[in-house]
$ cat final29.txt   # compact mmCIF, C-alpha atoms and all ligand atoms
# COMPACT_ATOMS: atom_id res chain seq x y z
CA MET R 1 -107.77 172.77 -120.35
CA PRO R 2 -105.63 173.65 -123.40
CA LYS R 3 -105.16 170.82 -125.89
CA GLY R 4 -101.69 169.76 -126.93
CA ARG R 5 -100.91 167.06 -124.36
CA THR R 6 -99.76 169.18 -121.44
CA CYS R 7 -101.44 167.21 -118.66
CA SER R 8 -99.68 164.32 -116.84
CA TYR R 9 -102.58 162.97 -114.82
CA ILE R 10 -106.36 163.03 -114.90
CA ALA R 11 -108.28 161.88 -111.81
CA LEU R 12 -111.97 161.15 -111.92
CA MET R 13 -113.95 160.92 -108.70
CA LYS R 14 -117.07 158.87 -109.25
CA THR R 15 -119.51 159.64 -106.42
CA THR R 16 -123.04 158.26 -106.35
CA GLY R 17 -125.69 160.83 -107.15
CA MET R 18 -123.29 163.63 -108.00
CA GLY R 19 -122.96 162.68 -111.65
CA LEU R 20 -119.28 163.53 -111.82
CA GLY R 21 -118.10 160.30 -113.44
CA PRO R 22 -118.33 159.86 -117.21
CA ARG R 23 -121.74 158.46 -118.03
CA ARG R 24 -122.06 155.89 -120.79
CA LEU R 25 -122.98 158.30 -123.56
CA GLN R 26 -120.44 160.87 -122.48
CA LYS R 27 -117.62 158.36 -122.02
CA LYS R 28 -116.47 158.33 -125.62
CA LEU R 29 -116.43 162.11 -125.74
CA PHE R 30 -114.54 162.27 -122.46
CA LEU R 31 -111.91 159.77 -123.67
CA THR R 32 -111.39 161.83 -126.82
CA GLU R 33 -110.84 164.93 -124.70
CA ALA R 34 -108.54 163.03 -122.30
CA ARG R 35 -106.48 161.82 -125.21
CA TRP R 36 -105.89 165.34 -126.41
CA VAL R 37 -104.83 166.81 -123.09
CA LEU R 38 -102.69 163.93 -121.74
CA ARG R 39 -98.94 163.77 -122.34
CA PRO R 40 -97.77 160.60 -124.17
CA SER R 41 -96.88 158.88 -120.86
CA GLY R 42 -99.70 160.55 -118.92
CA CYS R 43 -102.12 158.57 -116.79
CA MET R 44 -105.79 158.57 -116.05
CA ALA R 45 -107.21 157.30 -112.78
CA GLN R 46 -110.79 156.64 -111.90
CA LEU R 47 -111.91 156.32 -108.29
CA GLY R 48 -115.19 154.50 -107.85
CA PHE R 49 -117.06 153.89 -104.63
CA ASP R 50 -118.69 150.49 -104.72
CA HIS R 51 -120.31 149.46 -101.42
CA ASP R 52 -117.50 149.67 -98.88
CA ASN R 53 -114.65 149.37 -101.34
CA VAL R 54 -112.78 152.05 -103.17
CA HIS R 55 -111.43 150.93 -106.53
CA LEU R 56 -108.61 152.70 -108.24
CA HIS R 57 -108.45 152.13 -111.92
CA SER R 58 -105.64 153.71 -113.84
CA VAL R 59 -104.47 153.39 -117.38
CA GLU R 60 -101.49 154.70 -119.27
CA THR R 61 -102.19 156.82 -122.30
CA SER R 62 -101.14 154.02 -124.65
CA SER R 63 -103.96 151.80 -123.43
CA LEU R 64 -106.36 154.73 -123.25
CA THR R 65 -105.93 155.52 -126.90
CA SER R 66 -106.23 151.89 -127.88
CA ASP R 67 -109.32 151.53 -125.66
CA MET R 68 -110.87 154.18 -127.84
CA ARG R 69 -110.06 152.30 -130.96
CA ARG R 70 -111.18 148.94 -129.61
CA SER R 71 -114.46 147.53 -130.67
CA SER R 72 -116.69 145.38 -128.49
CA MET R 73 -113.91 142.74 -128.53
CA THR R 74 -112.64 143.60 -125.05
CA TYR R 75 -113.16 140.88 -122.45
CA ARG R 76 -112.00 142.19 -119.10
CA LEU R 77 -112.60 139.32 -116.72
CA PHE R 78 -109.33 139.59 -114.77
CA GLU R 79 -109.72 143.02 -113.23
CA GLY R 80 -110.55 142.47 -109.56
CA LYS R 81 -107.81 142.86 -106.99
CA GLN R 82 -108.89 139.69 -105.21
CA HIS R 83 -108.91 137.78 -108.49
CA ALA R 84 -105.38 139.06 -109.17
CA GLU R 85 -104.30 137.89 -105.68
CA GLU R 86 -105.76 134.43 -106.29
CA TYR R 87 -104.00 134.37 -109.61
CA LEU R 88 -100.66 135.04 -108.03
CA LYS R 89 -101.22 132.40 -105.35
CA PHE R 90 -102.71 129.54 -107.34
CA ARG R 91 -102.15 129.99 -111.04
CA VAL R 92 -100.31 127.22 -112.86
CA SER R 93 -97.03 128.50 -114.31
CA PRO R 94 -96.00 126.96 -117.59
CA PRO R 95 -93.40 124.27 -116.79
CA ASP R 96 -89.71 124.96 -117.43
CA HIS R 97 -89.53 122.23 -120.06
CA LEU R 98 -92.35 123.85 -122.07
CA ILE R 99 -90.58 127.22 -121.90
CA GLN R 100 -87.41 125.37 -123.00
CA LYS R 101 -89.27 124.01 -126.06
CA VAL R 102 -90.24 127.58 -126.98
CA VAL R 103 -86.66 128.81 -126.46
CA ASP R 104 -85.29 125.88 -128.53
CA PHE R 105 -87.64 126.87 -131.36
CA VAL R 106 -86.34 130.46 -131.30
CA GLU R 107 -82.76 129.16 -131.18
CA LYS R 108 -83.35 126.88 -134.16
CA LYS R 109 -85.33 129.34 -136.31
CA LYS R 110 -83.78 132.71 -135.50
CA GLY R 111 -80.67 132.00 -133.49
CA ARG R 112 -79.03 134.28 -130.94
CA PRO R 113 -78.80 136.94 -129.59
CA PHE R 114 -81.93 136.70 -127.43
CA ASP R 115 -82.41 140.41 -126.75
CA LEU R 116 -86.09 140.94 -126.09
CA ALA R 117 -89.15 138.80 -125.34
CA LEU R 118 -92.62 140.29 -125.13
CA ASP R 119 -95.11 138.41 -122.94
CA VAL R 120 -98.63 139.61 -123.76
CA GLY R 121 -101.52 139.09 -121.31
CA CYS R 122 -98.89 138.34 -118.66
CA GLY R 123 -101.27 138.34 -115.66
CA SER R 124 -99.10 138.46 -112.57
CA GLY R 125 -96.02 137.46 -114.55
CA GLN R 126 -95.84 133.68 -113.93
CA GLY R 127 -94.57 133.03 -117.46
CA SER R 128 -92.70 136.34 -117.89
CA VAL R 129 -90.24 135.54 -115.09
CA LEU R 130 -89.46 132.19 -116.72
CA LEU R 131 -88.62 133.95 -119.98
CA ALA R 132 -86.35 136.32 -118.05
CA LYS R 133 -83.86 133.45 -117.54
CA HIS R 134 -83.34 133.23 -121.30
CA PHE R 135 -83.66 136.80 -122.62
CA ALA R 136 -81.64 139.93 -121.88
CA SER R 137 -84.90 141.72 -121.21
CA VAL R 138 -88.60 140.95 -121.10
CA VAL R 139 -91.48 143.37 -121.55
CA ALA R 140 -94.62 141.92 -119.96
CA THR R 141 -97.97 143.52 -120.70
CA ASP R 142 -101.54 143.12 -119.50
CA ILE R 143 -104.75 145.07 -119.96
CA SER R 144 -105.52 144.74 -116.24
CA PRO R 145 -103.84 147.23 -113.88
CA ALA R 146 -104.73 144.94 -110.93
CA GLN R 147 -102.75 142.05 -112.45
CA ILE R 148 -99.75 144.28 -113.21
CA GLU R 149 -99.82 145.65 -109.67
CA MET R 150 -99.45 142.08 -108.33
CA ALA R 151 -96.76 141.06 -110.81
CA MET R 152 -93.54 139.45 -109.60
CA ALA R 153 -90.59 141.85 -109.65
CA VAL R 154 -87.53 140.60 -111.53
CA PRO R 155 -84.69 142.97 -112.60
CA ASN R 156 -84.90 142.34 -116.36
CA VAL R 157 -88.71 142.27 -116.60
CA THR R 158 -90.60 145.52 -117.26
CA TYR R 159 -94.35 145.40 -116.71
CA LYS R 160 -96.74 147.65 -118.62
CA VAL R 161 -100.49 148.11 -118.71
CA SER R 162 -101.20 147.79 -122.40
CA THR R 163 -103.55 145.99 -124.76
CA ALA R 164 -102.62 143.05 -126.96
CA GLU R 165 -103.99 144.91 -129.95
CA ASP R 166 -101.68 147.89 -129.49
CA LEU R 167 -98.30 146.60 -128.33
CA PRO R 168 -95.88 149.03 -126.66
CA THR R 169 -92.71 147.94 -128.51
CA PRO R 170 -91.22 149.37 -131.74
CA SER R 171 -91.62 147.57 -135.06
CA GLY R 172 -89.05 144.85 -135.74
CA SER R 173 -87.62 144.90 -132.18
CA VAL R 174 -88.75 141.63 -130.57
CA ASP R 175 -87.17 138.15 -130.77
CA LEU R 176 -90.10 136.30 -129.22
CA VAL R 177 -93.76 137.22 -128.62
CA THR R 178 -95.61 134.94 -126.21
CA ALA R 179 -99.19 134.73 -125.01
CA MET R 180 -99.64 132.22 -122.19
CA SER R 181 -103.27 131.26 -121.44
CA ALA R 182 -104.25 134.66 -122.80
CA PHE R 183 -104.50 134.64 -126.61
CA HIS R 184 -108.14 133.44 -126.54
CA TRP R 185 -109.13 136.68 -124.76
CA PHE R 186 -107.64 138.95 -127.39
CA ASP R 187 -109.01 140.36 -130.61
CA ARG R 188 -106.98 137.64 -132.27
CA PRO R 189 -106.56 138.97 -135.84
CA ARG R 190 -105.50 142.37 -134.50
CA PHE R 191 -103.07 140.85 -132.02
CA LEU R 192 -101.51 138.65 -134.72
CA GLN R 193 -101.05 141.72 -136.90
CA GLU R 194 -99.37 143.57 -134.02
CA ALA R 195 -97.17 140.58 -133.20
CA HIS R 196 -96.09 140.52 -136.85
CA ARG R 197 -95.27 144.24 -136.68
CA VAL R 198 -93.09 144.04 -133.54
CA LEU R 199 -91.25 140.81 -134.41
CA LYS R 200 -87.78 140.94 -135.93
CA PRO R 201 -87.34 139.03 -139.20
CA ARG R 202 -87.14 135.32 -138.13
CA GLY R 203 -88.57 136.34 -134.75
CA CYS R 204 -90.98 133.81 -133.23
CA LEU R 205 -94.48 133.67 -131.84
CA ALA R 206 -95.59 131.20 -129.14
CA LEU R 207 -99.22 130.78 -128.08
CA LEU R 208 -99.64 128.47 -125.08
CA ASN R 209 -102.73 127.28 -123.30
CA TYR R 210 -104.07 124.30 -121.37
CA THR R 211 -107.44 122.62 -121.32
CA LEU R 212 -109.58 123.23 -118.27
CA ASN R 213 -110.30 119.56 -117.61
CA MET R 214 -107.27 119.01 -115.38
CA GLU R 215 -107.01 115.46 -113.99
CA LEU R 216 -106.54 114.63 -110.35
CA ASN R 217 -104.62 111.63 -108.99
CA ARG R 218 -103.54 110.35 -105.60
CA GLU R 219 -101.70 107.15 -104.88
CA GLY R 220 -104.01 104.47 -103.53
CA CYS R 221 -107.16 106.26 -104.71
CA CYS R 222 -109.37 105.50 -107.66
CA SER R 223 -108.65 108.32 -110.10
CA ASP R 224 -111.91 107.65 -111.98
CA THR R 225 -113.86 108.50 -108.81
CA LEU R 226 -111.79 111.66 -108.19
CA ASN R 227 -112.13 112.78 -111.80
CA ALA R 228 -115.87 112.14 -111.88
CA ILE R 229 -116.18 114.57 -108.93
CA CYS R 230 -113.93 117.12 -110.68
CA GLU R 231 -115.95 116.73 -113.89
CA GLU R 232 -119.13 117.70 -112.01
CA PHE R 233 -117.32 120.83 -110.79
CA TYR R 234 -116.22 121.69 -114.35
CA VAL R 235 -119.70 121.03 -115.78
CA ALA R 236 -121.23 123.42 -113.22
CA LEU R 237 -118.68 126.09 -114.20
CA ARG R 238 -119.02 125.57 -117.96
CA LYS R 239 -122.36 127.43 -117.81
CA HIS R 240 -120.40 130.51 -116.74
CA VAL R 241 -117.68 130.38 -119.39
CA SER R 242 -117.68 133.62 -121.41
CA ALA R 243 -119.72 133.29 -124.61
CA HIS R 244 -116.64 134.63 -126.38
CA LEU R 245 -114.84 131.30 -125.75
CA GLY R 246 -117.59 128.81 -126.59
CA THR R 247 -117.28 125.58 -124.61
CA THR R 248 -113.53 125.31 -124.97
CA SER R 249 -110.69 127.49 -126.28
CA LYS R 250 -108.77 124.86 -128.30
CA PRO R 251 -110.73 125.33 -131.57
CA LEU R 252 -109.98 129.07 -131.42
CA TYR R 253 -106.26 128.29 -131.36
CA GLN R 254 -106.60 125.73 -134.15
CA GLU R 255 -108.46 128.26 -136.26
CA SER R 256 -105.81 130.94 -135.65
CA TYR R 257 -103.02 128.41 -136.29
CA GLU R 258 -104.51 127.75 -139.74
CA ALA R 259 -104.76 131.52 -140.34
CA ILE R 260 -101.14 132.37 -139.42
CA PRO R 261 -99.59 133.09 -142.82
CA TYR R 262 -96.07 131.87 -141.88
CA PRO R 263 -94.92 128.68 -143.62
CA ASP R 264 -92.72 127.84 -140.61
CA LYS R 265 -95.25 126.88 -137.91
CA GLU R 266 -96.03 123.98 -135.60
CA TRP R 267 -99.15 122.79 -133.75
CA HIS R 268 -98.54 120.77 -130.57
CA ASP R 269 -101.68 119.09 -129.37
CA CYS R 270 -100.91 117.78 -125.91
CA LEU R 271 -98.08 118.11 -123.44
CA ARG R 272 -99.01 116.64 -120.08
CA VAL R 273 -97.57 118.30 -117.02
CA SER R 274 -97.92 116.78 -113.54
CA LYS R 275 -97.84 118.99 -110.48
CA THR R 276 -98.03 117.98 -106.84
CA VAL R 277 -100.11 120.50 -104.91
CA PRO R 278 -102.30 120.50 -101.79
CA LEU R 279 -105.96 119.77 -102.55
CA SER R 280 -106.76 123.37 -101.52
CA GLY R 281 -104.24 124.54 -104.18
CA PHE R 282 -106.06 122.53 -106.87
CA ILE R 283 -109.39 124.06 -105.80
CA GLY R 284 -107.70 127.50 -105.79
CA MET R 285 -106.51 126.91 -109.37
CA VAL R 286 -110.06 126.16 -110.51
CA GLU R 287 -111.34 129.16 -108.55
CA SER R 288 -108.93 131.40 -110.49
CA PHE R 289 -110.70 130.48 -113.78
CA SER R 290 -112.79 133.29 -115.22
CA SER R 291 -115.88 131.02 -115.20
CA TYR R 292 -115.64 130.55 -111.42
CA GLN R 293 -115.00 134.28 -110.95
CA THR R 294 -118.10 135.04 -113.05
CA LEU R 295 -120.21 132.75 -110.85
CA LEU R 296 -118.63 134.30 -107.72
CA LYS R 297 -119.80 137.73 -108.85
CA LYS R 298 -123.29 136.53 -109.82
CA ASP R 299 -123.94 134.25 -106.83
CA PRO R 300 -121.17 134.18 -104.18
CA VAL R 301 -123.08 131.76 -101.93
CA GLU R 302 -123.50 129.22 -104.73
CA ALA R 303 -119.84 129.63 -105.78
CA ARG R 304 -118.63 128.94 -102.22
CA ARG R 305 -121.06 126.03 -101.81
CA LEU R 306 -119.82 124.48 -105.05
CA SER R 307 -116.13 124.60 -104.20
CA ASP R 308 -116.69 123.52 -100.54
CA GLN R 309 -118.86 120.62 -101.68
CA THR R 310 -116.24 119.55 -104.25
CA THR R 311 -113.46 119.77 -101.62
CA ASN R 312 -115.49 117.68 -99.13
CA ARG R 313 -116.42 115.06 -101.73
CA LEU R 314 -112.80 114.74 -102.85
CA MET R 315 -111.57 114.45 -99.24
CA SER R 316 -114.14 111.79 -98.51
CA ALA R 317 -113.22 109.83 -101.69
CA MET R 318 -109.55 110.01 -100.64
CA LYS R 319 -110.47 109.12 -97.02
CA VAL R 320 -108.61 112.15 -95.67
CA THR R 321 -109.75 115.01 -93.49
CA SER R 322 -107.38 117.83 -94.46
CA PRO R 323 -107.51 120.05 -97.59
CA ASP R 324 -103.71 120.25 -97.21
CA THR R 325 -103.51 116.63 -98.42
CA GLU R 326 -101.26 116.45 -101.48
CA VAL R 327 -102.68 115.47 -104.85
CA VAL R 328 -101.15 115.21 -108.31
CA VAL R 329 -102.76 117.45 -110.93
CA ASP R 330 -102.26 116.63 -114.61
CA VAL R 331 -102.48 119.73 -116.78
CA LYS R 332 -102.77 119.24 -120.55
CA TYR R 333 -101.05 121.99 -122.54
CA PHE R 334 -101.42 122.65 -126.26
CA TYR R 335 -99.37 125.25 -128.09
CA VAL R 336 -98.55 126.97 -131.36
CA LEU R 337 -95.05 127.99 -132.49
CA ALA R 338 -94.49 130.12 -135.58
CA CYS R 339 -91.56 131.93 -137.13
CA LYS R 340 -91.90 135.19 -139.07
CA PRO R 341 -90.27 134.90 -142.49
CA ALA R 342 -86.96 136.70 -143.06
CA GLU R 343 -88.64 138.92 -145.63
CA ASP R 344 -92.22 140.16 -145.66
C1 LIG M 1 -105.84 133.60 -118.05
S1 LIG M 1 -104.87 135.05 -117.77
C2 LIG M 1 -103.23 134.48 -118.12
C3 LIG M 1 -102.15 135.20 -117.36
C4 LIG M 1 -100.75 134.64 -117.46
N1 LIG M 1 -100.21 134.79 -118.80
C5 LIG M 1 -100.69 133.19 -117.02
O1 LIG M 1 -100.08 132.39 -117.73
O2 LIG M 1 -101.20 132.86 -115.95
C6 LIG M 1 -105.27 136.05 -119.13
C7 LIG M 1 -104.70 137.45 -119.01
O3 LIG M 1 -104.93 138.13 -120.24
C8 LIG M 1 -105.24 139.49 -119.95
N2 LIG M 1 -105.96 140.05 -121.11
C9 LIG M 1 -107.21 139.77 -121.54
N3 LIG M 1 -107.50 140.48 -122.64
C10 LIG M 1 -106.40 141.23 -122.93
C11 LIG M 1 -106.08 142.16 -123.97
N4 LIG M 1 -106.93 142.44 -124.92
N5 LIG M 1 -104.85 142.73 -123.93
C12 LIG M 1 -103.95 142.42 -122.97
N6 LIG M 1 -104.22 141.56 -121.96
C13 LIG M 1 -105.41 140.95 -121.94
C14 LIG M 1 -106.10 139.41 -118.70
O4 LIG M 1 -106.13 140.63 -117.99
C15 LIG M 1 -105.40 138.28 -117.92
O5 LIG M 1 -104.45 138.77 -117.02

$ encode --input "final29.txt" --output "structure tokens"
Amino acid sequence: MPKGRTCSYIALMKTTGMGLGPRRLQKKLFLTEARWVLRPSGCMAQLGFDHDNVHLHSVETSSLTSDMRRSSMTYRLFEGKQHAEEYLKFRVSPPDHLIQKVVDFVEKKKGRPFDLALDVGCGSGQGSVLLAKHFASVVATDISPAQIEMAMAVPNVTYKVSTAEDLPTPSGSVDLVTAMSAFHWFDRPRFLQEAHRVLKPRGCLALLNYTLNMELNREGCCSDTLNAICEEFYVALRKHVSAHLGTTSKPLYQESYEAIPYPDKEWHDCLRVSKTVPLSGFIGMVESFSSYQTLLKKDPVEARRLSDQTTNRLMSAMKVTSPDTEVVVDVKYFYVLACKPAED
């Protein structure tokens, strides 16, 4: 194949025993070659046969080139199609009033117009669509093609497969960069550098996350009993939290907050958000955590047993028989807001 970026699409068929897929040692070499033959907007797709499933993995050239530059700092725990589906169904969206606090910060620090927001690590777009109400357009990016495939279509939101460390927007073009429950997965110093590059002068950065120890309440029930059962569920899952995160993500945010070199920045430690959901929805939310998904891959029987046992214990403590029973979940958000100085 001649070099010079003439090719729009590369397909790789990975068939057991035939050795056609890129092997580990050859992968780097292959990616270098792919980079040279693909057009700037060209795509690569890899078809893998895994038991009875066929997986299609495709990346745009922008993420392909950045993949090559990335070190071992890539944590791709949100790739499965089923995980993406669970995400879309159960994931907690940031509440409107938290989004409003972010928008108020941009209004106060930078002022209008609100042309472009960039939502990085957007998953299936839960937060991106909320930003779309406030900004003329939103670019929402995620490293996972499966998440982007599931993302919610809204006219002024454009979804792209792209890494946080190599953002797909021009320098000085963005009013607001957000990362909602995603920043802890990134190569944080590189992402912060990229966010700085793409932000307009006085543009703002918002990093949102919530702690995993969500609290459960139901009128007429002892919340201590319910939360003791939930805590056992969380403790069992903590063993499967990625080593990259440590036991909890909050210190990573605090550390990055200290490192952000903007004088105009704010740390918000706890914003409680109550949501009424069916008990099965609460269990679904916990099952969408990467720690549960890791256990599910390692030991699906144990993962199922754990969530069924937790559901049954909670139902028995509430003296109900249906997982559709409504419960109130208290989610505790923490967040960072920062404003890029007018002059570098
Ligand atoms: C916990 S999910 C959050 C999704 C969504 N923002 C939300 O609020 O539900 C984290 C997302 O970050 C994405 N992600 C992880 N590392 C990334 C990286 N280096 N670049 C871009 N996205 C990344 C994952 O694929 C996943 O969809």

$ closest_atom_pairs --input "final29.txt" --of "chain R" --to "ligand LIG 1 (chain M)" --cutoff "9 Å" --atoms "all atoms listed in the file" --output "JSON lines"
{"residue": "R:Met73", "atom": "CA", "partner": "M:LIG1", "partner_atom": "N4", "distance": 7.9}
{"residue": "R:Thr74", "atom": "CA", "partner": "M:LIG1", "partner_atom": "N4", "distance": 5.8}
{"residue": "R:Tyr75", "atom": "CA", "partner": "M:LIG1", "partner_atom": "N3", "distance": 5.7}
{"residue": "R:Arg76", "atom": "CA", "partner": "M:LIG1", "partner_atom": "C9", "distance": 5.9}
{"residue": "R:Leu77", "atom": "CA", "partner": "M:LIG1", "partner_atom": "O4", "distance": 6.7}
{"residue": "R:Phe78", "atom": "CA", "partner": "M:LIG1", "partner_atom": "O4", "distance": 4.7}
{"residue": "R:Glu79", "atom": "CA", "partner": "M:LIG1", "partner_atom": "O4", "distance": 6.4}
{"residue": "R:Ala84", "atom": "CA", "partner": "M:LIG1", "partner_atom": "O5", "distance": 7.9}
{"residue": "R:Tyr87", "atom": "CA", "partner": "M:LIG1", "partner_atom": "O2", "distance": 7.1}
{"residue": "R:Leu88", "atom": "CA", "partner": "M:LIG1", "partner_atom": "O2", "distance": 8.2}
{"residue": "R:Arg91", "atom": "CA", "partner": "M:LIG1", "partner_atom": "O2", "distance": 5.8}
{"residue": "R:Val92", "atom": "CA", "partner": "M:LIG1", "partner_atom": "O2", "distance": 6.5}
{"residue": "R:Ser93", "atom": "CA", "partner": "M:LIG1", "partner_atom": "O1", "distance": 6.0}
{"residue": "R:Pro94", "atom": "CA", "partner": "M:LIG1", "partner_atom": "O1", "distance": 6.8}
{"residue": "R:Asp119", "atom": "CA", "partner": "M:LIG1", "partner_atom": "N1", "distance": 7.5}
{"residue": "R:Val120", "atom": "CA", "partner": "M:LIG1", "partner_atom": "C12", "distance": 6.1}
{"residue": "R:Gly121", "atom": "CA", "partner": "M:LIG1", "partner_atom": "O3", "distance": 3.7}
{"residue": "R:Cys122", "atom": "CA", "partner": "M:LIG1", "partner_atom": "N1", "distance": 3.8}
{"residue": "R:Gly123", "atom": "CA", "partner": "M:LIG1", "partner_atom": "O5", "distance": 3.5}
{"residue": "R:Ser124", "atom": "CA", "partner": "M:LIG1", "partner_atom": "C4", "distance": 6.4}
{"residue": "R:Gly125", "atom": "CA", "partner": "M:LIG1", "partner_atom": "C4", "distance": 6.2}
{"residue": "R:Gln126", "atom": "CA", "partner": "M:LIG1", "partner_atom": "C5", "distance": 5.8}
{"residue": "R:Gly127", "atom": "CA", "partner": "M:LIG1", "partner_atom": "O1", "distance": 5.6}
{"residue": "R:Ser128", "atom": "CA", "partner": "M:LIG1", "partner_atom": "N1", "distance": 7.7}
{"residue": "R:Thr141", "atom": "CA", "partner": "M:LIG1", "partner_atom": "C12", "distance": 6.5}
{"residue": "R:Asp142", "atom": "CA", "partner": "M:LIG1", "partner_atom": "N6", "distance": 4.0}
{"residue": "R:Ile143", "atom": "CA", "partner": "M:LIG1", "partner_atom": "N6", "distance": 4.1}
{"residue": "R:Ser144", "atom": "CA", "partner": "M:LIG1", "partner_atom": "O4", "distance": 4.5}
{"residue": "R:Pro145", "atom": "CA", "partner": "M:LIG1", "partner_atom": "O4", "distance": 8.1}
{"residue": "R:Ala146", "atom": "CA", "partner": "M:LIG1", "partner_atom": "O4", "distance": 8.4}
{"residue": "R:Gln147", "atom": "CA", "partner": "M:LIG1", "partner_atom": "O5", "distance": 5.9}
{"residue": "R:Ile148", "atom": "CA", "partner": "M:LIG1", "partner_atom": "O5", "distance": 8.2}
{"residue": "R:Val161", "atom": "CA", "partner": "M:LIG1", "partner_atom": "C12", "distance": 7.9}
{"residue": "R:Ser162", "atom": "CA", "partner": "M:LIG1", "partner_atom": "C12", "distance": 6.1}
{"residue": "R:Thr163", "atom": "CA", "partner": "M:LIG1", "partner_atom": "N5", "distance": 3.6}
{"residue": "R:Ala164", "atom": "CA", "partner": "M:LIG1", "partner_atom": "N5", "distance": 3.8}
{"residue": "R:Glu165", "atom": "CA", "partner": "M:LIG1", "partner_atom": "N4", "distance": 6.3}
{"residue": "R:Asp166", "atom": "CA", "partner": "M:LIG1", "partner_atom": "N5", "distance": 8.2}
{"residue": "R:Leu167", "atom": "CA", "partner": "M:LIG1", "partner_atom": "N5", "distance": 8.8}
{"residue": "R:Thr178", "atom": "CA", "partner": "M:LIG1", "partner_atom": "N1", "distance": 8.7}
{"residue": "R:Ala179", "atom": "CA", "partner": "M:LIG1", "partner_atom": "N1", "distance": 6.3}
{"residue": "R:Met180", "atom": "CA", "partner": "M:LIG1", "partner_atom": "N1", "distance": 4.3}
{"residue": "R:Ser181", "atom": "CA", "partner": "M:LIG1", "partner_atom": "C2", "distance": 4.6}
{"residue": "R:Ala182", "atom": "CA", "partner": "M:LIG1", "partner_atom": "C6", "distance": 4.1}
{"residue": "R:Phe183", "atom": "CA", "partner": "M:LIG1", "partner_atom": "O3", "distance": 7.3}
{"residue": "R:His184", "atom": "CA", "partner": "M:LIG1", "partner_atom": "N3", "distance": 8.1}
{"residue": "R:Trp185", "atom": "CA", "partner": "M:LIG1", "partner_atom": "N3", "distance": 4.6}
{"residue": "R:Phe186", "atom": "CA", "partner": "M:LIG1", "partner_atom": "N4", "distance": 4.3}
{"residue": "R:Asp187", "atom": "CA", "partner": "M:LIG1", "partner_atom": "N4", "distance": 6.4}
{"residue": "R:Arg188", "atom": "CA", "partner": "M:LIG1", "partner_atom": "N4", "distance": 8.8}
{"residue": "R:Phe191", "atom": "CA", "partner": "M:LIG1", "partner_atom": "N4", "distance": 8.2}
{"residue": "R:Leu208", "atom": "CA", "partner": "M:LIG1", "partner_atom": "O1", "distance": 8.3}
{"residue": "R:Asn209", "atom": "CA", "partner": "M:LIG1", "partner_atom": "O1", "distance": 8.0}
{"residue": "R:Ser288", "atom": "CA", "partner": "M:LIG1", "partner_atom": "C1", "distance": 8.5}
{"residue": "R:Phe289", "atom": "CA", "partner": "M:LIG1", "partner_atom": "C1", "distance": 7.2}
{"residue": "R:Ser290", "atom": "CA", "partner": "M:LIG1", "partner_atom": "C1", "distance": 7.5}

$ closest_residue --input "final29.txt" --among "R:Pro251, R:Pro341, R:Pro323, R:Gly220" --to "Leu199 of chain R" --atoms "only C-alpha atoms"
R:Pro341

$ atom_distance --input "final29.txt" --atom1 "atom CA of Ser173 of chain R" --atom2 "atom CA of Asp96 of chain R"
24.9 Å

$ atom_distance --input "final29.txt" --atom1 "atom CA of Ser316 of chain R" --atom2 "atom CA of Asp224 of chain R"
14.3 Å

$ atom_distance --input "final29.txt" --atom1 "atom CA of Asn213 of chain R" --atom2 "atom CA of Arg238 of chain R"
10.6 Å

$ closest_residue --input "final29.txt" --among "R:Arg218, R:Lys298, R:Arg202, R:Lys239" --to "Lys108 of chain R" --atoms "all atoms listed in the file"
R:Arg202

$ residues_around --input "final29.txt" --residues "Asp269 of chain R" --least-positions-apart "3" --cutoff "8 Å" --atoms "only C-alpha atoms" --output "tab-separated table (two decimals) with C-alpha atoms, in the frame of the given file"
chain	number	residue	atom	x	y	z
R	333	TYR	CA	-101.05	121.99	-122.54
R	334	PHE	CA	-101.42	122.65	-126.26
R	335	TYR	CA	-99.37	125.25	-128.09
